[in-house]
$ cat protein-v3.cif   # mmCIF, C-alpha atoms
data_run
#
loop_
_atom_site.label_atom_id
_atom_site.label_comp_id
_atom_site.auth_asym_id
_atom_site.auth_seq_id
_atom_site.Cartn_x
_atom_site.Cartn_y
_atom_site.Cartn_z
CA MET H 1 -24.64 6.05 -6.56
CA ILE H 2 -23.37 2.68 -5.41
CA ASP H 3 -19.95 4.32 -5.02
CA LYS H 4 -21.29 6.25 -2.03
CA TYR H 5 -22.38 3.04 -0.31
CA LEU H 6 -19.11 1.28 -1.03
CA GLU H 7 -17.18 4.24 0.35
CA HIS H 8 -19.31 4.15 3.49
CA LEU H 9 -18.60 0.44 3.95
CA VAL H 10 -14.87 1.00 3.42
CA GLN H 11 -14.93 3.72 6.09
CA LYS H 12 -16.70 1.36 8.51
CA LEU H 13 -14.11 -1.33 7.85
CA ASN H 14 -11.33 1.20 8.45
CA GLU H 15 -12.89 2.08 11.81
CA GLN H 16 -13.06 -1.57 12.83
CA ILE H 17 -9.47 -2.19 11.72
CA ARG H 18 -8.25 0.87 13.61
CA SER H 19 -10.11 -0.22 16.74
CA LEU H 20 -8.61 -3.71 16.65
CA GLU H 21 -5.12 -2.34 16.00
CA GLU H 22 -5.41 0.06 18.93
CA SER H 23 -6.62 -2.77 21.11
CA LEU H 24 -3.62 -4.91 20.20
CA GLY H 25 -1.27 -1.98 20.60
CA GLY H 26 -2.67 -1.40 24.07
CA GLY H 27 -1.90 -4.96 25.10
CA ALA H 28 -5.50 -6.17 25.25
CA ALA H 29 -4.66 -9.69 24.06
CA LYS H 30 -4.57 -12.02 27.08
CA ASP H 31 -2.45 -14.62 25.34
CA TYR H 32 -0.93 -15.56 22.02
CA ALA H 33 -4.09 -17.36 20.86
CA GLU H 34 -6.16 -14.21 21.35
CA TYR H 35 -3.48 -12.18 19.60
CA GLN H 36 -3.64 -14.54 16.62
CA TYR H 37 -7.44 -14.36 16.59
CA VAL H 38 -7.45 -10.56 16.48
CA CYS H 39 -4.76 -10.57 13.80
CA GLY H 40 -6.99 -12.91 11.79
CA GLN H 41 -9.90 -10.52 12.18
CA ILE H 42 -7.74 -7.65 10.94
CA LYS H 43 -6.54 -9.73 8.00
CA GLY H 44 -10.13 -10.57 7.02
CA LEU H 45 -11.25 -6.96 7.30
CA LEU H 46 -8.30 -5.83 5.18
CA ALA H 47 -9.20 -8.39 2.52
CA ALA H 48 -12.81 -7.20 2.51
CA ARG H 49 -11.68 -3.58 2.28
CA PHE H 50 -9.43 -4.41 -0.65
CA GLU H 51 -12.25 -6.15 -2.51
CA MET H 52 -14.65 -3.26 -1.93
CA SER H 53 -12.06 -0.70 -3.03
CA ASP H 54 -11.31 -2.78 -6.12
CA LEU H 55 -15.01 -3.04 -6.96
CA LYS H 56 -15.44 0.72 -6.50
CA GLN H 57 -12.54 1.39 -8.86
CA ARG H 58 -13.90 -1.02 -11.47
CA LEU H 59 -17.30 0.63 -11.27
CA GLU H 60 -15.75 4.06 -11.79
CA ASN H 61 -13.74 2.85 -14.80
CA SER H 62 -16.41 0.77 -16.52
CA ASP H 63 -19.71 1.51 -18.18
CA GLU H 64 -20.79 -2.13 -17.97
CA TRP H 65 -21.54 -2.09 -14.23
#
$ encode --input "protein-v3.cif" --output "structure tokens"
Amino acid sequence: MIDKYLEHLVQKLNEQIRSLEESLGGGAAKDYAEYQYVCGQIKGLLAARFEMSDLKQRLENSDEW
């Protein structure tokens, strides 16, 4: 059951990542500092997505959780 919630969170993270990427691709960053900030946000969201995907996989492959 928790898999469903993790998948939902991963989908939400993917939406946020996609939105930020489109924003950068559209030239929304006013300067290099803002560009770096948005890249940092994307990096953090990707790390969170990886951890959630890893947890989901461990839950699927383990009876302990």
$ closest_residue --input "protein-v3.cif" --among "H:Ile2, H:Ala33, H:Lys43, H:Glu7" --to "H:Glu21" --atoms "all atoms listed in the file"
H:Lys43
$ resolve_selection --input "protein-v3.cif" --expression "the PyMOL selection byres ((chain H and resi 45) around 12)" --output "PyMOL selection string"
chain H and resi 9-21+38-44+46-52
$ atom_distance --input "protein-v3.cif" --atom1 "atom CA of H:His8" --atom2 "atom CA of H:Ser53"
10.9 Å
$ atom_distance --input "protein-v3.cif" --atom1 "atom CA of H:Leu59" --atom2 "atom CA of H:Asp3"
7.7 Å
$ closest_residue --input "protein-v3.cif" --among "H:Glu34, H:Lys56, H:Ser62, H:Glu22" --to "H:Lys4" --atoms "all atoms listed in the file"
H:Lys56
$ axis_aligned_box --input "protein-v3.cif" --around "stretch 34-46 of chain H" --padding-each-side "4 Å" --output "AutoDock Vina command-line options"
--center_x -7.4 --center_y -10.2 --center_z 13.3 --size_x 15.8 --size_y 16.7 --size_z 24.2
$ decode --input "protein-v3.cif" --residues "stretch 14-41 of chain H" --atoms "N, CA and C atoms" --output "short mmCIF file (atom, residue, chain, number, x, y, z; two decimals), in the first residue's frame"
data_model
loop_
_atom_site.label_atom_id
_atom_site.label_comp_id
_atom_site.auth_asym_id
_atom_site.auth_seq_id
_atom_site.Cartn_x
_atom_site.Cartn_y
_atom_site.Cartn_z
N ASN H 14 8.51 14.50 -10.27
CA ASN H 14 8.76 14.57 -11.71
C ASN H 14 8.10 15.80 -12.32
N GLU H 15 6.90 16.12 -11.87
CA GLU H 15 6.21 17.31 -12.37
C GLU H 15 6.98 18.58 -12.01
N GLN H 16 7.46 18.65 -10.79
CA GLN H 16 8.21 19.83 -10.36
C GLN H 16 9.52 19.95 -11.14
N ILE H 17 10.20 18.83 -11.32
CA ILE H 17 11.45 18.84 -12.09
C ILE H 17 11.20 19.31 -13.51
N ARG H 18 10.16 18.75 -14.13
CA ARG H 18 9.83 19.10 -15.51
C ARG H 18 9.51 20.60 -15.63
N SER H 19 8.78 21.11 -14.66
CA SER H 19 8.41 22.53 -14.67
C SER H 19 9.65 23.42 -14.57
N LEU H 20 10.56 23.07 -13.68
CA LEU H 20 11.79 23.85 -13.53
C LEU H 20 12.66 23.77 -14.78
N GLU H 21 12.75 22.58 -15.36
CA GLU H 21 13.54 22.41 -16.58
C GLU H 21 12.96 23.23 -17.73
N GLU H 22 11.65 23.22 -17.86
CA GLU H 22 11.01 24.01 -18.91
C GLU H 22 11.24 25.50 -18.68
N SER H 23 11.19 25.90 -17.44
CA SER H 23 11.43 27.29 -17.09
C SER H 23 12.85 27.71 -17.50
N LEU H 24 13.82 26.88 -17.16
CA LEU H 24 15.20 27.19 -17.55
C LEU H 24 15.36 27.17 -19.06
N GLY H 25 14.76 26.18 -19.69
CA GLY H 25 14.85 26.08 -21.15
C GLY H 25 14.22 27.27 -21.85
N GLY H 26 13.24 27.88 -21.21
CA GLY H 26 12.57 29.05 -21.77
C GLY H 26 13.29 30.35 -21.47
N GLY H 27 14.41 30.26 -20.76
CA GLY H 27 15.19 31.47 -20.49
C GLY H 27 14.65 32.30 -19.33
N ALA H 28 14.00 31.67 -18.38
CA ALA H 28 13.39 32.41 -17.27
C ALA H 28 14.40 32.93 -16.26
N ALA H 29 15.59 32.35 -16.22
CA ALA H 29 16.59 32.81 -15.26
C ALA H 29 17.08 34.21 -15.65
N LYS H 30 16.99 35.14 -14.70
CA LYS H 30 17.39 36.53 -14.97
C LYS H 30 18.90 36.69 -15.03
N ASP H 31 19.60 35.86 -14.26
CA ASP H 31 21.06 35.94 -14.22
C ASP H 31 21.63 34.58 -13.84
N TYR H 32 22.95 34.53 -13.78
CA TYR H 32 23.61 33.26 -13.51
C TYR H 32 23.30 32.75 -12.10
N ALA H 33 23.17 33.65 -11.14
CA ALA H 33 22.85 33.24 -9.77
C ALA H 33 21.48 32.55 -9.71
N GLU H 34 20.52 33.09 -10.42
CA GLU H 34 19.19 32.46 -10.44
C GLU H 34 19.24 31.13 -11.16
N TYR H 35 20.03 31.06 -12.22
CA TYR H 35 20.21 29.81 -12.94
C TYR H 35 20.78 28.74 -12.01
N GLN H 36 21.81 29.11 -11.24
CA GLN H 36 22.41 28.18 -10.30
C GLN H 36 21.41 27.74 -9.24
N TYR H 37 20.60 28.66 -8.76
CA TYR H 37 19.60 28.36 -7.75
C TYR H 37 18.60 27.32 -8.26
N VAL H 38 18.11 27.53 -9.47
CA VAL H 38 17.14 26.60 -10.04
C VAL H 38 17.80 25.25 -10.31
N CYS H 39 19.03 25.26 -10.76
CA CYS H 39 19.75 24.00 -10.96
C CYS H 39 19.90 23.26 -9.63
N GLY H 40 20.13 23.99 -8.55
CA GLY H 40 20.21 23.38 -7.22
C GLY H 40 18.89 22.78 -6.79
N GLN H 41 17.80 23.46 -7.12
CA GLN H 41 16.48 22.91 -6.82
C GLN H 41 16.27 21.61 -7.57
#
